[in-house]
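Peer 1: Next up, query35.cif (mmCIF, C-alpha atoms and all ligand atoms).
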```cif
data_data
loop_
_atom_site.label_atom_id
_atom_site.label_comp_id
_atom_site.auth_asym_id
_atom_site.auth_seq_id
_atom_site.Cartn_x
_atom_site.Cartn_y
_atom_site.Cartn_z
CA MET A 1 -135.10 -114.25 66.42
CA ILE A 2 -137.85 -116.69 67.39
CA PRO A 3 -141.00 -114.98 68.68
CA ASP A 4 -141.58 -115.70 72.34
CA ASP A 5 -144.37 -118.08 73.33
CA SER A 6 -146.68 -115.35 74.50
CA GLN A 7 -146.61 -113.82 71.01
CA SER A 8 -147.37 -117.03 69.15
CA ARG A 9 -150.12 -117.77 71.66
CA TYR A 10 -151.55 -114.29 71.21
CA PHE A 11 -151.98 -114.83 67.47
CA THR A 12 -153.30 -118.38 67.74
CA SER A 13 -155.71 -117.76 70.60
CA ASN A 14 -157.30 -114.61 69.16
CA PRO A 15 -159.48 -114.67 66.06
CA THR A 16 -158.18 -113.27 62.79
CA PRO A 17 -159.95 -109.94 62.13
CA LYS A 18 -162.75 -110.20 59.57
CA ALA A 19 -161.37 -107.36 57.45
CA LEU A 20 -157.79 -108.66 57.36
CA SER A 21 -157.87 -110.52 54.05
CA LYS A 22 -159.57 -107.56 52.34
CA HIS A 23 -156.96 -105.18 53.79
CA GLU A 24 -154.14 -107.48 52.68
CA ALA A 25 -155.49 -107.48 49.13
CA LEU A 26 -155.68 -103.67 49.17
CA VAL A 27 -152.10 -103.38 50.42
CA ARG A 28 -150.80 -105.83 47.79
CA GLU A 29 -152.52 -103.80 45.10
CA PHE A 30 -151.20 -100.51 46.58
CA VAL A 31 -147.60 -101.77 46.77
CA ASP A 32 -147.73 -103.30 43.26
CA TYR A 33 -149.17 -100.12 41.81
CA HIS A 34 -146.51 -97.87 43.35
CA VAL A 35 -143.58 -100.18 42.66
CA SER A 36 -144.65 -100.60 39.02
CA THR A 37 -145.19 -96.86 38.45
CA ASN A 38 -141.99 -95.82 40.25
CA PRO A 39 -139.34 -98.36 41.27
CA ASN A 40 -137.89 -95.81 43.73
CA THR A 41 -141.23 -95.33 45.45
CA ARG A 42 -141.14 -94.86 49.21
CA ILE A 43 -144.01 -96.14 51.31
CA ALA A 44 -144.69 -95.10 54.91
CA LEU A 45 -146.90 -97.18 57.16
CA VAL A 46 -148.31 -94.70 59.67
CA THR A 47 -150.30 -96.05 62.64
CA SER A 48 -152.66 -93.71 64.42
CA GLY A 49 -155.25 -93.49 67.19
CA GLY A 50 -156.01 -95.67 70.19
CA THR A 51 -156.61 -99.42 70.43
CA THR A 52 -159.58 -100.70 72.42
CA VAL A 53 -159.66 -103.60 74.87
CA PRO A 54 -163.10 -105.24 74.71
CA LEU A 55 -164.62 -106.50 77.97
CA GLU A 56 -167.10 -108.78 76.21
CA ASN A 57 -166.85 -110.86 73.07
CA GLN A 58 -170.11 -109.40 71.78
CA THR A 59 -168.76 -106.04 72.77
CA VAL A 60 -170.90 -103.52 74.55
CA ARG A 61 -168.13 -102.13 76.74
CA PHE A 62 -164.44 -101.66 76.21
CA ILE A 63 -161.41 -99.93 77.70
CA ASP A 64 -160.04 -97.16 75.53
CA ASN A 65 -157.37 -94.48 75.64
CA PHE A 66 -157.15 -90.76 74.95
CA SER A 67 -155.62 -90.71 71.47
CA ALA A 68 -157.61 -88.87 68.81
CA GLY A 69 -155.02 -89.56 66.10
CA THR A 70 -153.70 -86.02 65.78
CA ARG A 71 -150.06 -87.12 65.64
CA GLY A 72 -150.72 -89.83 63.08
CA THR A 73 -152.91 -87.78 60.72
CA THR A 74 -150.72 -84.70 60.81
CA SER A 75 -147.60 -86.76 60.20
CA ALA A 76 -149.27 -88.67 57.36
CA GLU A 77 -149.96 -85.37 55.58
CA TYR A 78 -146.34 -84.45 56.09
CA PHE A 79 -145.09 -87.76 54.60
CA LEU A 80 -147.38 -87.28 51.60
CA ARG A 81 -145.97 -83.81 51.06
CA GLU A 82 -142.49 -85.32 51.16
CA GLY A 83 -143.31 -87.73 48.33
CA TYR A 84 -144.18 -90.89 50.25
CA ALA A 85 -147.18 -93.06 49.48
CA VAL A 86 -148.87 -93.64 52.85
CA ILE A 87 -150.71 -96.62 54.31
CA PHE A 88 -152.68 -95.11 57.16
CA LEU A 89 -153.57 -97.80 59.70
CA HIS A 90 -155.92 -95.96 62.00
CA ARG A 91 -158.50 -96.40 64.69
CA GLN A 92 -161.92 -96.38 63.06
CA TYR A 93 -163.60 -92.94 63.32
CA SER A 94 -160.45 -91.24 64.62
CA LEU A 95 -159.01 -88.27 62.72
CA LEU A 96 -158.06 -88.72 59.07
CA PRO A 97 -155.54 -86.84 56.92
CA TYR A 98 -157.02 -83.71 55.32
CA SER A 99 -160.57 -84.06 56.68
CA ARG A 100 -159.11 -83.57 60.19
CA HIS A 101 -158.88 -79.83 59.45
CA PHE A 102 -162.66 -79.59 59.36
CA SER A 103 -164.05 -82.48 61.36
CA HIS A 104 -163.46 -81.80 65.02
CA SER A 105 -166.16 -80.25 67.14
CA THR A 106 -164.08 -77.08 67.48
CA ASN A 107 -163.45 -77.11 63.72
CA CYS A 108 -166.89 -78.08 62.50
CA PHE A 109 -167.01 -77.98 58.68
CA LEU A 110 -170.37 -76.20 58.78
CA ASP A 111 -168.69 -73.18 60.36
CA PHE A 112 -166.51 -72.87 57.26
CA MET A 113 -169.54 -72.44 54.99
CA ASP A 114 -172.08 -69.81 54.23
CA GLU A 115 -174.89 -69.06 51.85
CA SER A 116 -174.05 -66.71 49.00
CA GLY A 117 -176.39 -63.93 47.86
CA ASP A 118 -177.87 -66.18 45.17
CA GLY A 119 -178.58 -69.09 47.48
CA GLU A 120 -175.44 -71.17 46.72
CA VAL A 121 -173.55 -72.79 49.56
CA VAL A 122 -169.99 -71.43 49.50
CA VAL A 123 -166.83 -71.49 51.60
CA ARG A 124 -166.56 -68.32 53.68
CA GLN A 125 -164.08 -65.80 52.37
CA GLU A 126 -161.73 -66.00 55.36
CA TYR A 127 -161.32 -69.79 54.96
CA GLN A 128 -160.89 -69.87 51.16
CA GLN A 129 -157.10 -69.99 51.20
CA LYS A 130 -156.73 -72.67 53.83
CA MET A 131 -159.49 -74.81 52.39
CA ARG A 132 -158.10 -74.54 48.86
CA ARG A 133 -154.67 -75.67 50.07
CA VAL A 134 -156.07 -78.68 51.94
CA LEU A 135 -158.39 -79.55 49.05
CA GLU A 136 -155.54 -79.42 46.53
CA GLU A 137 -153.37 -81.71 48.63
CA TYR A 138 -156.27 -84.09 49.23
CA GLN A 139 -157.17 -84.26 45.54
CA TYR A 140 -153.54 -84.75 44.54
CA ALA A 141 -153.20 -87.67 46.98
CA LYS A 142 -156.46 -89.17 45.76
CA LYS A 143 -155.74 -88.80 42.05
CA ASN A 144 -152.30 -90.39 42.44
CA ARG A 145 -153.56 -93.14 44.76
CA LEU A 146 -151.06 -92.07 47.39
CA LEU A 147 -153.12 -92.70 50.50
CA LEU A 148 -154.59 -96.01 51.63
CA LEU A 149 -156.87 -95.84 54.68
CA LEU A 150 -157.21 -99.01 56.76
CA PRO A 151 -159.24 -98.96 59.98
CA PHE A 152 -158.89 -101.07 63.15
CA THR A 153 -160.68 -100.92 66.47
CA THR A 154 -159.29 -103.41 68.99
CA ILE A 155 -155.73 -104.11 70.10
CA THR A 156 -156.01 -107.56 68.52
CA GLU A 157 -157.08 -106.16 65.15
CA TYR A 158 -154.19 -103.69 65.33
CA LEU A 159 -151.59 -106.39 65.98
CA PHE A 160 -152.85 -108.74 63.26
CA GLU A 161 -152.93 -105.86 60.78
CA LEU A 162 -149.45 -104.64 61.70
CA ARG A 163 -147.96 -108.11 61.31
CA SER A 164 -149.55 -108.67 57.91
CA LEU A 165 -148.85 -105.24 56.53
CA ALA A 166 -145.21 -105.30 57.61
CA THR A 167 -144.75 -108.65 55.91
CA LEU A 168 -146.39 -107.38 52.71
CA LEU A 169 -144.00 -104.43 52.64
CA GLN A 170 -140.93 -106.70 52.68
CA PRO A 171 -140.21 -106.39 48.92
CA LEU A 172 -139.64 -102.66 49.47
CA ASP A 173 -136.56 -103.12 51.66
CA SER A 174 -135.18 -99.72 52.66
CA ARG A 175 -137.95 -97.87 50.79
CA ALA A 176 -140.38 -98.75 53.58
CA LEU A 177 -140.77 -96.62 56.68
CA PHE A 178 -142.73 -97.47 59.83
CA TYR A 179 -144.06 -94.61 61.93
CA LEU A 180 -145.82 -96.14 64.91
CA ALA A 181 -147.84 -93.30 66.42
CA ALA A 182 -150.88 -95.35 67.52
CA ALA A 183 -151.49 -95.55 71.26
CA VAL A 184 -151.14 -99.28 71.79
CA SER A 185 -152.72 -100.92 74.79
CA ASP A 186 -150.35 -102.73 77.14
CA PHE A 187 -153.09 -104.88 78.68
CA PHE A 188 -155.96 -107.02 77.42
CA ILE A 189 -158.41 -109.73 78.46
CA PRO A 190 -157.46 -113.12 76.99
CA ARG A 191 -160.19 -114.68 74.91
CA GLU A 192 -160.77 -117.58 77.31
CA ARG A 193 -161.56 -115.18 80.16
CA MET A 194 -163.77 -112.86 78.16
CA ASN A 195 -167.54 -112.90 78.69
CA GLU A 196 -169.40 -113.86 75.53
CA HIS A 197 -172.40 -111.64 76.36
CA LYS A 198 -172.88 -108.28 77.99
CA ILE A 199 -171.72 -108.43 81.60
CA GLN A 200 -174.81 -108.29 83.79
CA SER A 201 -174.80 -106.05 86.84
CA SER A 202 -176.47 -108.93 88.73
CA GLU A 203 -173.40 -111.11 88.03
CA VAL A 204 -170.81 -108.86 89.66
CA GLU A 205 -169.30 -109.94 92.94
CA ASN A 206 -169.28 -108.44 96.38
CA GLY A 207 -166.04 -106.65 97.21
CA LYS A 208 -163.48 -108.35 99.45
CA LYS A 209 -164.00 -106.01 102.41
CA SER A 210 -167.39 -105.73 104.01
CA GLY A 211 -169.08 -102.54 102.96
CA ASP A 212 -167.39 -102.56 99.53
CA GLY A 213 -170.67 -103.43 97.88
CA LYS A 214 -170.80 -104.93 94.38
CA GLN A 215 -167.71 -104.53 92.22
CA LEU A 216 -166.83 -105.39 88.67
CA VAL A 217 -163.29 -106.73 88.95
CA VAL A 218 -161.46 -106.76 85.62
CA ASN A 219 -158.38 -108.92 85.31
CA LEU A 220 -156.02 -107.90 82.52
CA ASP A 221 -152.97 -109.71 81.11
CA PRO A 222 -150.02 -107.92 79.51
CA VAL A 223 -150.11 -107.69 75.71
CA PRO A 224 -146.89 -109.27 74.46
CA LYS A 225 -144.37 -106.69 73.24
CA PHE A 226 -144.29 -107.06 69.50
CA LEU A 227 -141.73 -104.44 68.54
CA THR A 228 -138.79 -106.87 68.73
CA THR A 229 -140.48 -109.21 66.29
CA LEU A 230 -141.53 -106.34 64.04
CA VAL A 231 -137.91 -105.24 63.83
CA SER A 232 -136.31 -108.66 63.51
CA GLN A 233 -138.89 -110.56 61.44
CA TRP A 234 -141.94 -108.81 60.06
CA ALA A 235 -140.51 -105.58 58.69
CA PRO A 236 -138.42 -105.37 55.51
CA ARG A 237 -134.64 -105.53 55.90
CA GLY A 238 -133.23 -102.01 55.93
CA SER A 239 -136.58 -100.31 56.51
CA MET A 240 -136.65 -97.37 58.90
CA ILE A 241 -138.64 -97.94 62.07
CA VAL A 242 -139.74 -95.03 64.23
CA SER A 243 -141.67 -95.75 67.42
CA PHE A 244 -143.14 -93.37 69.97
CA LYS A 245 -142.81 -93.56 73.72
CA LEU A 246 -145.53 -92.00 75.80
CA GLU A 247 -145.08 -91.21 79.48
CA THR A 248 -146.77 -88.95 82.01
CA ASP A 249 -143.81 -88.69 84.41
CA PRO A 250 -141.11 -86.40 82.90
CA SER A 251 -138.36 -88.08 84.90
CA LEU A 252 -138.99 -91.41 83.11
CA LEU A 253 -139.34 -90.29 79.52
CA VAL A 254 -135.78 -90.26 78.22
CA SER A 255 -134.63 -93.36 80.09
CA LYS A 256 -137.69 -95.32 78.90
CA ALA A 257 -137.10 -94.18 75.32
CA GLU A 258 -133.44 -95.25 75.59
CA GLN A 259 -134.46 -98.63 77.00
CA ALA A 260 -136.93 -99.14 74.13
CA LEU A 261 -134.26 -98.36 71.55
CA GLU A 262 -131.79 -100.69 73.23
CA LYS A 263 -134.33 -103.49 73.61
CA TYR A 264 -135.91 -103.40 70.17
CA GLY A 265 -132.86 -102.29 68.19
CA HIS A 266 -134.69 -100.06 65.72
CA ASP A 267 -133.81 -96.60 64.40
CA LEU A 268 -135.52 -93.89 66.40
CA VAL A 269 -137.73 -93.48 69.44
CA ILE A 270 -139.64 -90.22 69.71
CA GLY A 271 -140.57 -89.58 73.32
CA ASN A 272 -143.50 -87.42 74.36
CA LEU A 273 -145.35 -86.54 77.52
CA LEU A 274 -149.13 -86.64 77.63
CA THR A 275 -149.52 -83.01 78.65
CA THR A 276 -146.90 -81.43 76.39
CA ARG A 277 -147.04 -83.75 73.36
CA LYS A 278 -148.44 -81.08 71.06
CA TRP A 279 -145.44 -78.79 71.33
CA GLU A 280 -142.42 -80.82 72.43
CA VAL A 281 -140.93 -84.20 71.68
CA VAL A 282 -137.53 -85.76 72.28
CA PHE A 283 -135.64 -87.77 69.66
CA VAL A 284 -133.61 -90.64 71.05
CA THR A 285 -131.31 -92.32 68.54
CA LYS A 286 -128.73 -95.10 68.61
CA GLY A 287 -125.66 -94.15 70.57
CA GLY A 288 -127.76 -92.52 73.29
CA GLN A 289 -128.20 -89.17 71.56
CA GLU A 290 -131.11 -87.11 72.83
CA ARG A 291 -132.50 -84.11 70.97
CA TRP A 292 -135.50 -82.00 71.91
CA VAL A 293 -137.71 -80.40 69.30
CA ARG A 294 -140.07 -77.68 70.49
CA VAL A 295 -142.63 -75.36 68.99
CA PRO A 296 -141.66 -71.88 70.26
CA LYS A 297 -143.94 -70.64 73.05
CA ALA A 298 -145.40 -67.76 71.03
CA LYS A 299 -146.63 -70.15 68.35
CA ARG A 300 -148.15 -72.84 70.52
CA SER A 301 -151.71 -71.63 70.63
CA ARG A 302 -152.14 -71.21 66.90
CA SER A 303 -150.18 -74.30 65.98
CA VAL A 304 -151.55 -77.33 67.70
CA SER A 305 -150.11 -79.60 65.05
CA GLY A 306 -146.91 -77.72 64.13
CA ILE A 307 -144.74 -80.16 66.02
CA GLU A 308 -145.18 -82.87 63.36
CA GLU A 309 -143.76 -80.58 60.72
CA LEU A 310 -140.83 -79.81 63.02
CA VAL A 311 -140.30 -83.52 63.57
CA GLY A 312 -139.92 -83.96 59.81
CA ARG A 313 -137.66 -80.94 59.46
CA ALA A 314 -135.59 -81.92 62.47
CA GLU A 315 -135.06 -85.41 61.06
CA LYS A 316 -133.93 -83.97 57.73
CA ASN A 317 -131.80 -81.09 59.00
CA LYS A 318 -130.63 -82.58 62.26
CA PRO A 319 -130.52 -79.32 64.21
CA SER A 320 -129.02 -79.18 67.67
CA ASP A 321 -131.09 -79.29 70.83
CA GLU A 322 -133.12 -76.12 70.43
CA GLU A 323 -136.48 -74.64 69.65
CA VAL A 324 -137.21 -74.81 65.94
CA ASP A 325 -139.06 -71.89 64.45
CA LEU A 326 -142.18 -72.75 62.52
CA SER A 327 -142.03 -69.88 60.08
CA GLY A 328 -140.26 -70.12 56.73
O1 LIG A 401 -153.15 -89.14 68.89
P1 LIG A 401 -152.59 -88.01 69.70
O2 LIG A 401 -153.58 -87.44 70.67
O3 LIG A 401 -151.95 -86.97 68.81
O4 LIG A 401 -151.43 -88.62 70.62
C1 LIG A 401 -150.24 -89.07 70.04
C2 LIG A 401 -149.57 -90.15 70.92
C3 LIG A 401 -149.22 -89.54 72.27
C4 LIG A 401 -150.53 -91.34 71.10
C5 LIG A 401 -148.27 -90.62 70.17
O5 LIG A 401 -147.41 -89.53 70.03
C6 LIG A 401 -147.58 -91.74 70.94
O6 LIG A 401 -146.82 -91.52 71.87
N1 LIG A 401 -147.84 -93.02 70.54
C7 LIG A 401 -147.29 -94.22 71.19
C8 LIG A 401 -148.09 -94.49 72.44
C9 LIG A 401 -147.67 -95.80 73.07
O7 LIG A 401 -148.19 -96.85 72.73
O8 LIG A 401 -146.70 -95.66 73.94
P2 LIG A 401 -146.18 -96.81 74.91
O9 LIG A 401 -145.16 -96.17 75.74
O10 LIG A 401 -147.34 -97.50 75.58
O11 LIG A 401 -145.53 -97.87 73.90
C10 LIG A 401 -144.27 -97.64 73.37
C11 LIG A 401 -144.07 -98.49 72.15
O12 LIG A 401 -144.21 -99.87 72.46
C12 LIG A 401 -145.03 -98.15 71.02
O13 LIG A 401 -144.33 -98.01 69.81
C13 LIG A 401 -145.91 -99.35 70.93
O14 LIG A 401 -146.27 -99.58 69.56
C14 LIG A 401 -145.02 -100.48 71.48
N2 LIG A 401 -145.78 -101.53 72.13
C15 LIG A 401 -146.80 -101.23 72.94
C16 LIG A 401 -147.54 -102.22 73.52
C17 LIG A 401 -147.20 -103.55 73.23
N3 LIG A 401 -147.86 -104.55 73.73
N4 LIG A 401 -146.17 -103.83 72.42
C18 LIG A 401 -145.44 -102.84 71.88
O15 LIG A 401 -144.47 -103.11 71.16
#
```
Step by step, read the file and then write its structure as structure tokens.
Ligand code: PMT
Peer 2:
Amino acid sequence: MIPDDSQSRYFTSNPTPKALSKHEALVREFVDYHVSTNPNTRIALVTSGGTTVPLENQTVRFIDNFSAGTRGTTSAEYFLREGYAVIFLHRQYSLLPYSRHFSHSTNCFLDFMDESGDGEVVVRQEYQQKMRRVLEEYQYAKKNRLLLLLPFTTITEYLFELRSLATLLQPLDSRALFYLAAAVSDFFIPRERMNEHKIQSSEVENGKKSGDGKQLVVNLDPVPKFLTTLVSQWAPRGSMIVSFKLETDPSLLVSKAEQALEKYGHDLVIGNLLTTRKWEVVFVTKGGQERWVRVPKAKRSRSVSGIEELVGRAEKNKPSDEEVDLSG
């Protein structure tokens, strides 16, 4: 399929990210290493976190979204546990696999530590077990070069990176998996309309109605939908492509997920609602099947990230539409 004009224009009218060639070299090296050490290697490209929309070229201000990268990081850990090597394309400074357990303000790493009787800094007794488990997994991934971290910030960086990385994964065919959990902006300011310098408050216009006072009016264009091209051109033949659909209105979620699957022709759309995304998701697969996966009510408070594990288990075991217990 030929990419539509808006897509080609998007890539020619926006500058190539500075880090792209370095990231491409890292991905080539990562793929070569894993293919040469294990010809059956499976590589997952996990995208995570929000994309920004800069208002100025020398960016002081930007539009952002809510995503902290919980879904992406938690799922990346799950893929690593399942034997995948993971390329983690993430929003710079958002959560990262393993360190996410101790980095959030409610999970500050300093609260996990104490001073021992002889003045050594140690992990507090009650956190020893959890920290040891996370540390072991982290060190295993590091030692075996299983995790490649690649940051992006803007929507443009994200799209350039995704296109390049998908193309570089082509030799893997069906051993590549795409798990697109990043929150991707639908709107942006085209380069030719973007201010070079910081927008000055003295430059903003008066509102249309009298009494409106000064207003900064921001005019956004739609970001071209790239999933069709990802599926039909960039990604390896036979690779599995999982995308997420985020809505806030429950009545739209399933139909929008079905439309996405129909339109892009990939394997699976996982739908989630902003307010309930941490404990329920819906799988929509080809043939219009819909399957809900839920963390049981009693386990929701202690398991903010349990849903990702259930997503993995649900995909493997294909249970019917029901709550899946986290224990065992
Ligand atoms: O990080 P957390 O706080 O844990 O939140 C996780 C999450 C809610 C962000 C995640 O689960 C999720 O839903 N991610 C996808 C969010 C999103 O971009 O949804 P959307 O409905 O706007 O887009 C749907 C799909 O279209 C996405 O796969 C996106 O990659 C794709 N898209 C989007 C914009 C665009 N211009 N072209 C696209 O192809």
Peer 1: Please write as a list in words the list of polymer residues whose atoms come within 9 Å of (-148.4, -98.0, 61.6), counting only C-alpha atoms and keeping to the coordinates of the file.
Peer 2: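 The residues near that point, listed by chain and number, are Ala44, Leu45, Val46, Thr47, Ser48, Gly72, Ile87, Phe88, Leu89, His90, Tyr158, Leu162, Leu165, Ala166, Phe178, Tyr179, Leu180, Ala181 and Ala182 of chain A.
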Peer 1: Choose the residue, out of A:Thr167, A:Thr52, A:Asn195, A:Ser202, that has the smallest atom-to-atom separation from Ser232 of chain A; count all atoms listed in the file.
Peer 2: A:Thr167
Peer 1: Looking at only C-alpha atoms and all ligand atoms, which of A:Asp173, A:Glu29, A:Glu196, A:Glu280 is the one that sits closest to ligand LIG 401 (chain A)?
Peer 2: A:Glu280
Peer 1: What is the distance, in Å and to one decimal place, between atom CA of Ile43 of chain A and atom CA of Ser174 of chain A?
Peer 2: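 Atom CA of Ser174 of chain A lies at a distance of 9.6 Å from atom CA of Ile43 of chain A.
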Peer 1: Using Å and a single decimal, report how far atom CA of Glu24 of chain A sits from atom CA of Ser36 of chain A.
Peer 2: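 Separation of atom CA of Ser36 of chain A and atom CA of Glu24 of chain A: 18.0 Å.
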Peer 1: Here is a test: counting all atoms listed in the file, which residue of A:Lys297, A:Lys214, A:Arg145, A:Lys225 is nearest to ligand LIG 401 (chain A)?
Peer 2: A:Lys225
Peer 1: Would you compute, for all listed atoms of ligand LIG 401 (chain A), the axis-aligned bounding box grown by 3 Å on each side, and then report its centre and edge lengths in Å rounded to one decimal, as lines of an AutoDock Vina configuration file?
Peer 2:
```
center_x = -148.8
center_y = -95.8
center_z = 72.3
size_x = 15.5
size_y = 23.6
size_z = 12.9
```
Peer 1: Using the atoms already present, construct N, CA and C atoms for segment 36-61 of chain A and hand them back as a compact mmCIF listing (two decimals), in the frame of the given file.
Peer 2:
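That gives us part05.txt:
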```txt
# COMPACT_ATOMS: atom_id res chain seq x y z
N SER A 36 -144.68 -100.53 40.50
CA SER A 36 -144.65 -100.60 39.02
C SER A 36 -144.63 -99.20 38.40
N THR A 37 -145.22 -98.19 39.06
CA THR A 37 -145.19 -96.86 38.45
C THR A 37 -143.87 -96.12 38.78
N ASN A 38 -143.25 -96.46 39.89
CA ASN A 38 -141.99 -95.82 40.25
C ASN A 38 -141.16 -96.78 41.11
N PRO A 39 -140.13 -97.37 40.53
CA PRO A 39 -139.34 -98.36 41.27
C PRO A 39 -138.66 -97.76 42.51
N ASN A 40 -138.51 -96.43 42.55
CA ASN A 40 -137.89 -95.81 43.73
C ASN A 40 -138.93 -95.35 44.75
N THR A 41 -140.16 -95.78 44.57
CA THR A 41 -141.23 -95.33 45.45
C THR A 41 -140.90 -95.57 46.93
N ARG A 42 -141.33 -94.66 47.77
CA ARG A 42 -141.14 -94.86 49.21
C ARG A 42 -142.52 -94.96 49.86
N ILE A 43 -142.70 -95.97 50.68
CA ILE A 43 -144.01 -96.14 51.31
C ILE A 43 -143.86 -96.05 52.83
N ALA A 44 -144.69 -95.21 53.44
CA ALA A 44 -144.69 -95.10 54.91
C ALA A 44 -145.94 -95.77 55.45
N LEU A 45 -145.75 -96.64 56.44
CA LEU A 45 -146.90 -97.18 57.16
C LEU A 45 -147.03 -96.35 58.44
N VAL A 46 -148.09 -95.56 58.50
CA VAL A 46 -148.31 -94.70 59.67
C VAL A 46 -149.44 -95.30 60.49
N THR A 47 -149.21 -95.55 61.78
CA THR A 47 -150.30 -96.05 62.64
C THR A 47 -150.79 -94.89 63.51
N SER A 48 -152.09 -94.91 63.79
CA SER A 48 -152.66 -93.71 64.42
C SER A 48 -153.90 -94.03 65.24
N GLY A 49 -154.04 -93.32 66.37
CA GLY A 49 -155.25 -93.49 67.19
C GLY A 49 -155.08 -94.56 68.25
N GLY A 50 -156.10 -94.74 69.06
CA GLY A 50 -156.01 -95.67 70.19
C GLY A 50 -156.55 -97.04 69.85
N THR A 51 -156.10 -98.05 70.60
CA THR A 51 -156.61 -99.42 70.43
C THR A 51 -157.55 -99.72 71.59
N THR A 52 -158.66 -100.39 71.31
CA THR A 52 -159.58 -100.70 72.42
C THR A 52 -159.31 -102.10 72.97
N VAL A 53 -159.74 -102.29 74.21
CA VAL A 53 -159.66 -103.60 74.87
C VAL A 53 -161.10 -103.99 75.24
N PRO A 54 -161.71 -104.88 74.44
CA PRO A 54 -163.10 -105.24 74.71
C PRO A 54 -163.24 -106.01 76.04
N LEU A 55 -164.34 -105.75 76.74
CA LEU A 55 -164.62 -106.50 77.97
C LEU A 55 -165.50 -107.71 77.69
N GLU A 56 -166.22 -107.66 76.57
CA GLU A 56 -167.10 -108.78 76.21
C GLU A 56 -166.82 -109.16 74.76
N ASN A 57 -167.07 -110.43 74.45
CA ASN A 57 -166.85 -110.86 73.07
C ASN A 57 -167.85 -110.19 72.13
N GLN A 58 -169.13 -110.21 72.51
CA GLN A 58 -170.11 -109.40 71.78
C GLN A 58 -170.07 -108.04 72.49
N THR A 59 -169.23 -107.17 71.96
CA THR A 59 -168.76 -106.04 72.77
C THR A 59 -169.76 -104.91 72.94
N VAL A 60 -170.12 -104.70 74.19
CA VAL A 60 -170.90 -103.52 74.55
C VAL A 60 -169.95 -102.51 75.20
N ARG A 61 -169.05 -103.03 76.05
CA ARG A 61 -168.13 -102.13 76.74
C ARG A 61 -166.69 -102.47 76.42
```
